[in-house]
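Chemist: What follows is model_8.cif; its format and atoms are mmCIF, C-alpha atoms.
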```cif
data_target
#
loop_
_atom_site.label_atom_id
_atom_site.label_comp_id
_atom_site.auth_asym_id
_atom_site.auth_seq_id
_atom_site.Cartn_x
_atom_site.Cartn_y
_atom_site.Cartn_z
CA MET A 1147 -121.90 125.79 -57.16
CA PHE A 1148 -123.56 125.40 -60.54
CA GLU A 1149 -121.62 127.27 -63.19
CA ILE A 1150 -122.45 128.38 -66.69
CA THR A 1151 -120.40 130.13 -69.34
CA GLU A 1152 -120.92 133.76 -70.24
CA LEU A 1153 -122.42 132.68 -73.55
CA GLN A 1154 -124.93 130.42 -71.80
CA ARG A 1155 -125.84 133.22 -69.36
CA ASP A 1156 -126.24 135.61 -72.25
CA TYR A 1157 -128.50 133.18 -74.07
CA ILE A 1158 -130.66 132.50 -71.00
CA THR A 1159 -131.06 136.26 -70.53
CA GLU A 1160 -132.05 136.60 -74.17
CA VAL A 1161 -134.56 133.75 -73.91
CA LEU A 1162 -136.11 135.46 -70.91
CA ASN A 1163 -136.03 138.82 -72.70
CA ILE A 1164 -137.98 137.39 -75.63
CA SER A 1165 -140.39 135.53 -73.37
CA MET A 1166 -141.07 138.55 -71.19
CA GLY A 1167 -141.41 140.71 -74.27
CA SER A 1168 -144.22 138.43 -75.35
CA ALA A 1169 -145.81 138.56 -71.87
CA ALA A 1170 -145.46 142.36 -71.76
CA SER A 1171 -147.23 142.58 -75.08
CA VAL A 1172 -150.09 140.51 -73.65
CA LEU A 1173 -150.24 142.64 -70.49
CA SER A 1174 -150.12 145.81 -72.57
CA GLU A 1175 -153.08 144.53 -74.59
CA MET A 1176 -154.96 143.90 -71.34
CA VAL A 1177 -154.34 147.32 -69.78
CA SER A 1178 -154.12 149.39 -72.99
CA GLU A 1179 -150.81 151.01 -72.11
CA GLU A 1180 -147.10 150.44 -72.57
CA VAL A 1181 -145.43 148.12 -70.09
CA GLY A 1182 -141.85 148.87 -68.99
CA LEU A 1183 -139.46 145.94 -68.53
CA SER A 1184 -136.18 145.62 -66.64
CA VAL A 1185 -133.16 143.69 -67.86
CA PRO A 1186 -133.66 140.08 -66.70
CA GLU A 1187 -131.64 138.87 -63.71
CA VAL A 1188 -130.31 135.32 -63.80
CA ASP A 1189 -128.83 133.69 -60.70
CA PHE A 1190 -128.14 130.18 -59.48
CA LEU A 1191 -128.92 130.21 -55.77
CA PRO A 1192 -130.08 128.03 -52.90
CA ARG A 1193 -133.86 128.39 -52.67
CA SER A 1194 -133.66 130.11 -49.26
CA ILE A 1195 -131.24 132.76 -50.57
CA ALA A 1196 -133.49 133.39 -53.60
CA ALA A 1197 -136.39 133.98 -51.20
CA GLU A 1198 -134.32 136.37 -49.06
CA LYS A 1199 -133.22 138.25 -52.15
CA PHE A 1200 -136.84 138.58 -53.21
CA ASP A 1201 -137.85 139.88 -49.77
CA GLN A 1202 -135.00 142.42 -49.71
CA SER A 1203 -136.24 144.03 -52.90
CA ASN A 1204 -139.82 144.40 -51.65
CA VAL A 1205 -141.09 146.48 -48.78
CA SER A 1206 -144.56 145.00 -48.66
CA THR A 1207 -146.23 141.62 -48.67
CA MET A 1208 -146.66 140.30 -52.18
CA SER A 1209 -149.58 138.52 -53.72
CA GLY A 1210 -149.93 136.84 -57.05
CA VAL A 1211 -150.16 133.61 -58.90
CA THR A 1212 -148.00 130.52 -59.26
CA GLN A 1213 -148.07 127.65 -61.73
CA SER A 1214 -145.95 124.52 -61.66
CA ILE A 1215 -144.28 123.70 -64.94
CA SER A 1216 -143.07 120.36 -66.25
CA GLY A 1217 -141.92 118.79 -69.49
CA ALA A 1218 -138.83 120.31 -71.12
CA ILE A 1219 -138.08 122.07 -67.83
CA TYR A 1220 -139.69 121.83 -64.44
CA GLY A 1221 -140.13 124.13 -61.49
CA ASP A 1222 -142.43 127.03 -60.73
CA ALA A 1223 -143.42 130.23 -62.50
CA LEU A 1224 -144.59 133.14 -60.38
CA LEU A 1225 -146.25 136.47 -61.10
CA MET A 1226 -146.14 138.77 -58.08
CA PHE A 1227 -147.47 142.23 -57.26
CA PRO A 1228 -147.48 144.27 -54.03
CA GLU A 1229 -150.57 143.05 -52.20
CA GLU A 1230 -152.16 146.50 -51.97
CA LYS A 1231 -152.12 146.86 -55.76
CA THR A 1232 -154.03 143.74 -56.73
CA LEU A 1233 -157.49 145.32 -56.50
CA SER A 1234 -156.34 148.18 -58.75
CA ILE A 1235 -155.04 145.67 -61.30
CA VAL A 1236 -158.27 143.70 -61.24
CA ARG A 1237 -160.27 146.91 -61.67
CA ILE A 1238 -158.17 147.98 -64.69
CA LEU A 1239 -158.52 144.60 -66.34
CA LEU A 1240 -162.18 143.88 -65.74
CA GLY A 1241 -163.32 147.44 -66.37
CA GLU A 1242 -167.09 147.69 -66.12
CA THR A 1243 -167.74 143.99 -66.68
CA VAL A 1244 -167.96 143.43 -62.93
CA PRO A 1245 -169.86 145.75 -60.55
CA VAL A 1246 -167.56 147.59 -58.10
CA GLU A 1247 -169.18 145.83 -55.11
CA SER A 1248 -168.22 142.44 -56.56
CA LEU A 1249 -164.58 143.30 -57.26
CA THR A 1250 -163.21 142.10 -53.93
CA GLU A 1251 -165.09 138.82 -54.24
CA MET A 1252 -163.66 138.36 -57.73
CA GLU A 1253 -160.13 139.45 -56.80
CA GLN A 1254 -158.50 136.03 -56.42
CA GLU A 1255 -160.23 134.52 -59.43
CA ALA A 1256 -159.34 137.49 -61.60
CA MET A 1257 -155.71 137.41 -60.43
CA CYS A 1258 -155.53 133.70 -61.25
CA GLU A 1259 -156.69 134.35 -64.79
CA ILE A 1260 -154.31 137.29 -65.21
CA GLY A 1261 -151.46 135.10 -63.93
CA ASN A 1262 -152.56 132.27 -66.20
CA ILE A 1263 -152.38 134.51 -69.27
CA ILE A 1264 -149.09 136.21 -68.44
CA LEU A 1265 -147.24 133.13 -67.13
CA ASN A 1266 -148.43 130.99 -70.03
CA SER A 1267 -147.17 133.62 -72.41
CA VAL A 1268 -143.70 133.44 -70.81
CA VAL A 1269 -143.68 129.65 -70.63
CA SER A 1270 -145.00 129.25 -74.19
CA SER A 1271 -142.19 131.45 -75.53
CA VAL A 1272 -139.55 129.43 -73.66
CA ALA A 1273 -141.09 126.19 -75.00
CA ASP A 1274 -141.12 127.51 -78.56
CA ILE A 1275 -137.49 128.65 -78.32
CA LEU A 1276 -136.47 125.22 -76.98
CA LYS A 1277 -138.73 123.58 -79.60
CA LYS A 1278 -140.20 121.45 -76.81
CA GLU A 1279 -143.51 121.30 -74.97
CA ILE A 1280 -143.92 122.58 -71.43
CA VAL A 1281 -147.01 121.70 -69.40
CA SER A 1282 -148.38 124.25 -66.92
CA SER A 1283 -150.52 123.38 -63.92
CA LEU A 1284 -153.65 125.37 -63.16
CA PRO A 1285 -152.94 128.77 -61.57
CA ARG A 1286 -152.93 129.11 -57.79
CA PHE A 1287 -153.35 132.36 -55.87
CA ILE A 1288 -150.61 133.01 -53.31
CA LYS A 1289 -149.57 135.75 -50.95
CA GLY A 1290 -146.91 136.28 -48.36
CA THR A 1291 -143.17 136.89 -48.02
CA GLY A 1292 -140.53 135.40 -50.30
CA ILE A 1293 -139.96 132.55 -47.83
CA GLU A 1294 -143.66 131.71 -47.99
CA VAL A 1295 -144.26 132.09 -51.73
CA PHE A 1296 -141.09 130.23 -52.72
CA SER A 1297 -142.18 127.32 -50.51
CA VAL A 1298 -138.94 127.34 -48.56
CA GLU A 1299 -139.00 124.46 -46.12
CA ALA A 1300 -136.26 122.85 -44.04
CA SER A 1301 -136.18 119.93 -46.47
CA ASN A 1302 -135.51 122.02 -49.57
CA ASN A 1303 -133.67 124.95 -48.00
CA ASP A 1304 -130.40 124.22 -49.81
CA ASP A 1305 -131.90 123.13 -53.14
CA LEU A 1306 -130.19 125.00 -55.92
CA VAL A 1307 -132.58 126.85 -58.18
CA MET A 1308 -132.21 129.01 -61.24
CA PHE A 1309 -133.74 132.29 -60.26
CA LEU A 1310 -134.87 134.35 -63.24
CA LYS A 1311 -136.49 137.65 -62.44
CA VAL A 1312 -137.87 140.50 -64.53
CA ASP A 1313 -139.51 143.63 -63.15
CA PHE A 1314 -142.24 145.26 -65.12
CA GLY A 1315 -144.19 148.43 -64.58
CA LEU A 1316 -147.36 150.25 -65.56
CA GLU A 1317 -146.34 153.89 -65.34
CA SER A 1318 -149.77 155.51 -65.17
CA GLN A 1319 -150.84 153.29 -62.30
CA SER A 1320 -147.53 153.20 -60.36
CA ILE A 1321 -147.73 149.43 -60.32
CA ASN A 1322 -144.65 147.24 -60.46
CA GLY A 1323 -144.60 143.48 -60.54
CA TYR A 1324 -142.25 140.56 -61.01
CA VAL A 1325 -142.19 137.43 -63.08
CA THR A 1326 -139.94 134.74 -61.66
CA LEU A 1327 -139.06 131.28 -62.89
CA ILE A 1328 -137.59 128.89 -60.35
CA LEU A 1329 -136.17 125.79 -62.00
CA ASN A 1330 -135.47 122.74 -59.87
CA VAL A 1331 -131.89 121.59 -59.66
CA ASP A 1332 -132.49 118.31 -61.51
CA SER A 1333 -133.95 120.27 -64.39
CA LEU A 1334 -131.06 122.71 -64.66
CA GLN A 1335 -128.59 120.54 -66.53
CA ASP A 1336 -131.30 119.49 -69.00
CA PHE A 1337 -132.16 123.12 -69.57
CA ILE A 1338 -128.52 124.07 -70.13
CA ASP A 1339 -128.09 121.12 -72.52
CA GLN A 1340 -131.13 122.23 -74.51
CA LEU A 1341 -129.79 125.77 -74.67
CA ASP A 1342 -126.42 124.44 -75.85
CA GLU A 1343 -128.20 122.66 -78.70
CA GLN A 1344 -129.74 125.97 -79.68
CA ILE A 1345 -126.44 127.86 -79.32
CA ASN A 1346 -124.58 125.26 -81.38
CA ALA A 1347 -127.18 125.54 -84.10
CA LEU A 1348 -126.59 129.31 -84.42
CA MET B 916 -185.49 129.46 -83.12
CA ASP B 917 -183.70 132.52 -84.57
CA GLY B 918 -180.93 132.77 -82.04
CA LYS B 919 -177.82 130.64 -81.97
CA LYS B 920 -176.66 128.64 -78.99
CA VAL B 921 -173.15 129.23 -77.67
CA LEU B 922 -171.24 126.98 -75.29
CA ILE B 923 -168.44 128.64 -73.30
CA VAL B 924 -166.06 126.23 -71.57
CA ASP B 925 -163.47 127.81 -69.29
CA ASP B 926 -162.55 127.06 -65.68
CA SER B 927 -162.13 130.80 -65.09
CA ARG B 928 -165.42 132.44 -64.16
CA VAL B 929 -163.89 135.81 -65.01
CA SER B 930 -163.10 134.65 -68.53
CA ARG B 931 -166.60 133.25 -69.01
CA MET B 932 -168.04 136.59 -67.88
CA LEU B 933 -165.85 138.55 -70.31
CA ILE B 934 -166.74 136.29 -73.26
CA LYS B 935 -170.42 136.27 -72.39
CA SER B 936 -170.58 140.06 -72.08
CA VAL B 937 -169.32 140.49 -75.67
CA VAL B 938 -171.66 137.84 -77.09
CA VAL B 939 -174.71 139.22 -75.24
CA ASP B 940 -173.83 142.76 -76.25
CA ARG B 941 -173.85 141.80 -79.93
CA HIS B 942 -176.56 139.15 -79.89
CA PRO B 943 -178.88 139.47 -76.90
CA GLU B 944 -181.18 136.87 -78.46
CA TRP B 945 -178.52 134.12 -78.48
CA GLY B 946 -178.59 131.44 -75.82
CA ILE B 947 -175.45 130.91 -73.77
CA VAL B 948 -174.45 127.82 -71.84
CA GLU B 949 -171.43 127.96 -69.52
CA SER B 950 -169.27 125.14 -68.26
CA GLY B 951 -166.26 125.16 -65.94
CA SER B 952 -164.81 121.88 -67.24
CA GLY B 953 -164.85 119.51 -70.19
CA ASP B 954 -166.80 116.87 -68.30
CA GLU B 955 -169.49 119.36 -67.39
CA ALA B 956 -169.60 120.61 -71.01
CA LEU B 957 -170.33 117.10 -72.24
CA THR B 958 -173.52 117.06 -70.18
CA HIS B 959 -174.84 119.79 -72.50
CA VAL B 960 -174.71 117.57 -75.56
CA ASP B 961 -178.49 117.33 -75.78
CA GLU B 962 -178.75 121.05 -76.27
CA GLY B 963 -178.11 121.86 -79.96
CA ILE B 964 -174.98 124.01 -79.98
CA ASP B 965 -173.86 126.21 -82.89
CA LEU B 966 -170.67 127.69 -81.48
CA MET B 967 -168.19 126.50 -78.85
CA ILE B 968 -165.48 128.63 -77.29
CA ILE B 969 -163.15 126.35 -75.35
CA ASP B 970 -160.18 127.00 -73.05
CA PHE B 971 -157.21 124.58 -73.18
CA ASN B 972 -155.89 124.29 -69.60
CA MET B 973 -158.73 123.13 -67.39
CA PRO B 974 -159.13 120.67 -64.53
CA GLY B 975 -159.64 117.15 -65.89
CA MET B 976 -160.04 116.96 -69.65
CA ASP B 977 -158.03 119.49 -71.68
CA GLY B 978 -159.68 121.65 -74.32
CA ILE B 979 -158.33 119.77 -77.34
CA THR B 980 -159.67 116.45 -76.02
CA LEU B 981 -163.05 118.08 -75.43
CA ALA B 982 -163.00 119.64 -78.92
CA GLU B 983 -162.33 116.22 -80.46
CA LYS B 984 -165.37 114.77 -78.68
CA MET B 985 -167.53 117.77 -79.57
CA LYS B 986 -166.55 117.59 -83.23
CA ASP B 987 -167.90 114.04 -83.32
CA LEU B 988 -171.12 115.07 -81.59
CA TYR B 989 -171.64 118.35 -83.45
CA PRO B 990 -169.88 118.21 -86.81
CA ALA B 991 -171.72 121.34 -87.99
CA ALA B 992 -170.81 123.49 -84.98
CA TYR B 993 -167.93 125.98 -85.15
CA ILE B 994 -165.35 125.37 -82.44
CA SER B 995 -162.57 127.74 -81.38
CA MET B 996 -159.92 127.37 -78.73
CA LEU B 997 -159.42 130.54 -76.67
CA THR B 998 -156.40 129.99 -74.49
CA ALA B 999 -153.38 131.49 -72.78
CA ASN B 1000 -151.38 128.40 -73.73
CA VAL B 1001 -150.10 129.73 -77.02
CA GLN B 1002 -147.32 127.20 -77.63
CA GLU B 1003 -146.87 126.33 -81.28
CA SER B 1004 -147.46 122.67 -80.48
CA ILE B 1005 -150.95 123.46 -79.11
CA GLN B 1006 -151.79 125.68 -82.10
CA GLN B 1007 -150.67 122.90 -84.41
CA ARG B 1008 -152.95 120.40 -82.68
CA ALA B 1009 -155.87 122.81 -83.05
CA ASN B 1010 -155.06 123.26 -86.76
CA GLU B 1011 -154.88 119.51 -87.29
CA LEU B 1012 -158.28 119.16 -85.66
CA GLY B 1013 -159.68 121.84 -87.94
CA ILE B 1014 -160.82 124.21 -85.21
CA GLY B 1015 -160.16 127.92 -84.67
CA PHE B 1016 -157.48 129.25 -82.34
CA GLU B 1017 -157.44 132.62 -80.54
CA LYS B 1018 -154.92 133.77 -77.96
CA LYS B 1019 -155.92 135.21 -74.62
CA PRO B 1020 -156.25 137.91 -73.34
CA ILE B 1021 -159.89 138.14 -74.22
CA THR B 1022 -160.75 141.23 -76.24
CA GLU B 1023 -163.93 142.33 -77.95
CA ASP B 1024 -162.28 142.01 -81.37
CA LYS B 1025 -161.21 138.42 -80.74
CA ILE B 1026 -164.67 137.34 -79.59
CA ALA B 1027 -166.25 139.23 -82.49
CA ASN B 1028 -163.94 137.36 -84.84
CA ILE B 1029 -164.99 134.00 -83.39
CA ILE B 1030 -168.73 134.70 -83.45
CA SER B 1031 -168.52 136.06 -87.01
CA GLN B 1032 -168.06 132.43 -88.06
CA VAL B 1033 -171.70 131.66 -87.22
CA GLU B 1034 -173.38 135.06 -87.78
#
```
Using structure tokens, write down the structure that the file contains.
Modeler:
Amino acid sequence: MFEITELQRDYITEVLNISMGSAASVLSEMVSEEVGLSVPEVDFLPRSIAAEKFDQSNVSTMSGVTQSISGAIYGDALLMFPEEKTLSIVRILLGETVPVESLTEMEQEAMCEIGNIILNSVVSSVADILKKEIVSSLPRFIKGTGIEVFSVEASNNDDLVMFLKVDFGLESQSINGYVTLILNVDSLQDFIDQLDEQINAL
Amino acid sequence: MDGKKVLIVDDSRVSRMLIKSVVVDRHPEWGIVESGSGDEALTHVDEGIDLMIIDFNMPGMDGITLAEKMKDLYPAAYISMLTANVQESIQQRANELGIGFEKKPITEDKIANIISQVE
């Protein structure tokens, strides 16, 4: 099993804290209200276990947006909401720009742009902390269970991933969502090395 | 012609709608041209453009590459990136190119700030 020191874990949590703080500020600007954040969870798990863990914490099907990331680190970034909440989110964000009858038609496109803004905010913060560049793919709308959205297949079932998860909430709308970064195993050691450089420079 | 011409380049239709609604609200007489990619935007080069609002992450050509080409074609036009990719390295490239940089999400104030450059 991949192991890290307490100091490394602490630093990863702090990097995610800062990055999600930046994303929460963006989301707050979009919805004009304060966004609550949980303490980040950091785990090193086989991909299939990460997916199960995700499913256990959610009672409904999730929908959201994913972007592949590459460069200083590589893997996938995901923004997920309970499926039944996505239309409410789109309505809050688009306001009166789009007629109500067009909202459903615009739902996936709007979610992609929301995901693009929030995930890029997280990824940009991580890149700036590492002082490296990270390239994001275009956003892709996804929905399903953890097994489906984490692309768990027989061939990658046992791949070790770094599972970073933060819950956030909009109190007035009773909406909770998750931002997750899944880093591929080959990328993990590079990521830890880059963090060590930062820690040693402190 | 009294009105200005604005080119909005963003692969997100939602973003183009949000930007356009602010511009039209303030300047209904201005002409607006929309493109979903850099390649498509370059087909509008015959139409005199005063202001360009360009996303960074798009299919095909990225926004900085497009801005470089547009600066050659329209040296007098004001160009601003409007992007969710707010990494310092991207902002630095925009600065070096001498174009504006605004961070998404799109708000009325941010669009107003961009269009104030040509008002």
Chemist: Expand the PyMOL selection byres ((chain A and resi 1342) around 12) into the explicit residue set it covers here, and present it as number ranges by chain.
Modeler: A: 1150-1151, 1153-1158, 1276, 1335-1341, 1343-1348
Chemist: If I take atom CA of Asp970 of chain B and atom CA of Ile1280 of chain A, how far is one from the other in Å, to one decimal?
Modeler: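 Atom CA of Ile1280 of chain A lies 16.9 Å from atom CA of Asp970 of chain B.
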Chemist: Of the residues B:Gln1006, B:Ser930, B:Ser1031, B:Asn1000, which is the one nearest to Ala1169 of chain A, using all atoms listed in the file?
Modeler: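 Checking each candidate against Ala1169 of chain A, we get B:Asn1000 as the closest.
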Chemist: Applying the PyMOL selection byres ((chain B and resi 1026) around 12) to the file I just gave you, which residues come out? Please list them as a PyMOL selection string.
Modeler: chain B and resi 921+923+930-931+933-941+966-969+995-997+1015-1025+1027-1033
Chemist: Give me, as number ranges by chain, the residues of chain A touching chain B, with the criterion being at most 6 Å (counting only C-alpha atoms).
Modeler: A: 1256, 1263, 1266, 1270
Chemist: With all atoms listed in the file as the basis for distance, which of A:Leu1334, A:Cys1258, A:Ile1215, A:Met1252 is at the shortest distance from Ala1273 of chain A?
Modeler: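 Answer, going by the shortest atom-to-atom distance: A:Ile1215.
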